[in-house]
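Novice: Take a look at this one; I'll ask things after.
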Amino acid sequence: MLVAFVPKPAVAGAKINFGLKAGMSMSNVKWSDDDGEEKALWKPTFGIFAQIDINETLAIQPELNYLTMGEMWEGVNGVTWKEVYTQNYLWIPVLIKARLTKEGSVVPNVFAGPAAGILLSARYIYTEDGTELDNESVKEWYKSVDFGAVFGVGVEFPMSSFRFIADIRYYLGLAQASDYPEHTLKNNALIFAIGAAF
């Protein structure tokens, strides 16, 4: 759930507010040869954003975020083992936000837009009985840029000169994220966050 404090938009003309946010993402990448036993990966996410109010009902919101994609396997086979694959991105969505009402104690909104991810790092980690036995970079397995679309809904709560915002968003990866043509990989994530804008 995205939560932010945003100054109340001006009645006329564009107004720009900047903010910080942080939260959690739940990702589960989709491989062409998934075995169906993988589990979603919960990881922290954080970033900065600008909210450009075009008018009382329409805004543009570009963002810069640190976002982790990936998945994990775990089980018991004599030992309790876990395998985790992570891809860490500088994630850049540009959202169009439409407020469904102009004012009130609760203002619902919907938003959507494209997003690009620049790969910063990728790792494979293997543990047995809580002991890390392998931790290596696998950045060469993935393409340096990812691309997809973001969809979300939210509500805003006007509070004096600030606006408290809560939203939830889904990232649908549209590009091939694997650098190996024999495998197709698409990133997906459900993202929740809290933050403040000034």
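Letters A, B, ... go to the chains of the structure tokens in the order shown; residues in each chain start at 1; ligands are counted from 1 in the same order.
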For Glu103 in chain A, work out the shell of residues within 10 Å, counting only C-alpha atoms and skipping chain neighbours fewer than 2 positions away, then give it as a list in words.

Specialist: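 Non-adjacent residues within range: Glu56, Thr57, Arg99, Leu100, Thr101, Ser105, Val106, Val107, Pro108, Glu156, Phe157 and Pro158 of chain A.
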
Novice: Those selected residues, please, written with C-alpha atoms and delivered as a PDB file, in the first residue's frame.

Specialist:
```pdb
ATOM      1  CA  GLU A  56      -7.617  18.969  -9.406  1.00  0.00           C
ATOM      2  CA  THR A  57      -8.307  15.575 -10.970  1.00  0.00           C
ATOM      3  CA  ARG A  99      -8.691  11.367  -9.140  1.00  0.00           C
ATOM      4  CA  LEU A 100     -12.291  10.210  -9.315  1.00  0.00           C
ATOM      5  CA  THR A 101     -13.566  13.134  -7.213  1.00  0.00           C
ATOM      6  CA  SER A 105     -12.449  13.411   3.100  1.00  0.00           C
ATOM      7  CA  VAL A 106     -11.601  10.424   0.852  1.00  0.00           C
ATOM      8  CA  VAL A 107     -10.571  10.904  -2.782  1.00  0.00           C
ATOM      9  CA  PRO A 108     -10.195   7.641  -4.769  1.00  0.00           C
ATOM     10  CA  GLU A 156      -6.162  10.201  -0.929  1.00  0.00           C
ATOM     11  CA  PHE A 157      -7.069  11.717   2.424  1.00  0.00           C
ATOM     12  CA  PRO A 158      -6.718  15.540   2.441  1.00  0.00           C
TER      13      PRO A 158
END
```

Novice: Would you list the contacts of Val29 in chain A as a PyMOL selection string, taking every protein, DNA or RNA residue within 9 Å and counting only C-alpha atoms, but skipping same-chain residues closer than 5 positions in sequence?

Specialist: chain A and resi 40+69-71+173+185-189

Novice: Can you work out which one of A:Asn17, A:Thr127, A:Ser137, A:Ser25 has the shortest atom-to-atom distance to Asn65 in chain A, counting only C-alpha atoms?

Specialist: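 Among the listed residues, the smallest separation from Asn65 in chain A belongs to A:Ser25.
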
Novice: What lies within 10 Å of Phe192 in chain A using only C-alpha atoms, ignoring chain neighbours under 2 positions off, as JSON, numbers by chain?

Specialist: {"A": [1, 2, 3, 21, 22, 23, 24, 25, 26, 44, 45, 166, 167, 168, 169, 170, 189, 190, 194]}

Novice: Do you have the CA of Asn135 in chain A-CA of Ser178 in chain A distance handy?

Specialist: 19.5 Å

Novice: Using only C-alpha atoms for the distances, tell me which of A:Gln51, A:Thr80, A:Thr184, A:Asn88 is nearest to Arg163 in chain A.

Specialist: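 Checking each of A:Gln51, A:Thr80, A:Thr184, A:Asn88 against Arg163 in chain A, counting only C-alpha atoms, the winner is A:Gln51.
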
Novice: Could you pull out the residues in chain A that DSSP calls strand (DSSP E or B) from the backbone, as a PyMOL selection string?

Specialist: chain A and resi 2-7+15-27+30-31+39+41-53+58-76+80-99+107-128+131-137+142+145-159+162-173+178+185-186+188-197

Novice: Near Arg123 in chain A, counting only C-alpha atoms, which residues have an atom at most 8 Å away, once you skip same-chain residues fewer than 5 positions from it, shown as a list in words?

Specialist: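 Final neighbour list, sorted by chain and number: Tyr85, Thr86, Gln87, Asn135, Glu136, Ser137, Val138 and Lys139 of chain A.
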
Novice: Could you check the closest approach to Trp73 in chain A for each of A:Gly47, A:Gly19, A:Gly104, A:Gly36 and tell me which residue wins, using only C-alpha atoms?

Specialist: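 Looking at the shortest contact to Trp73 in chain A, the residue is A:Gly36.
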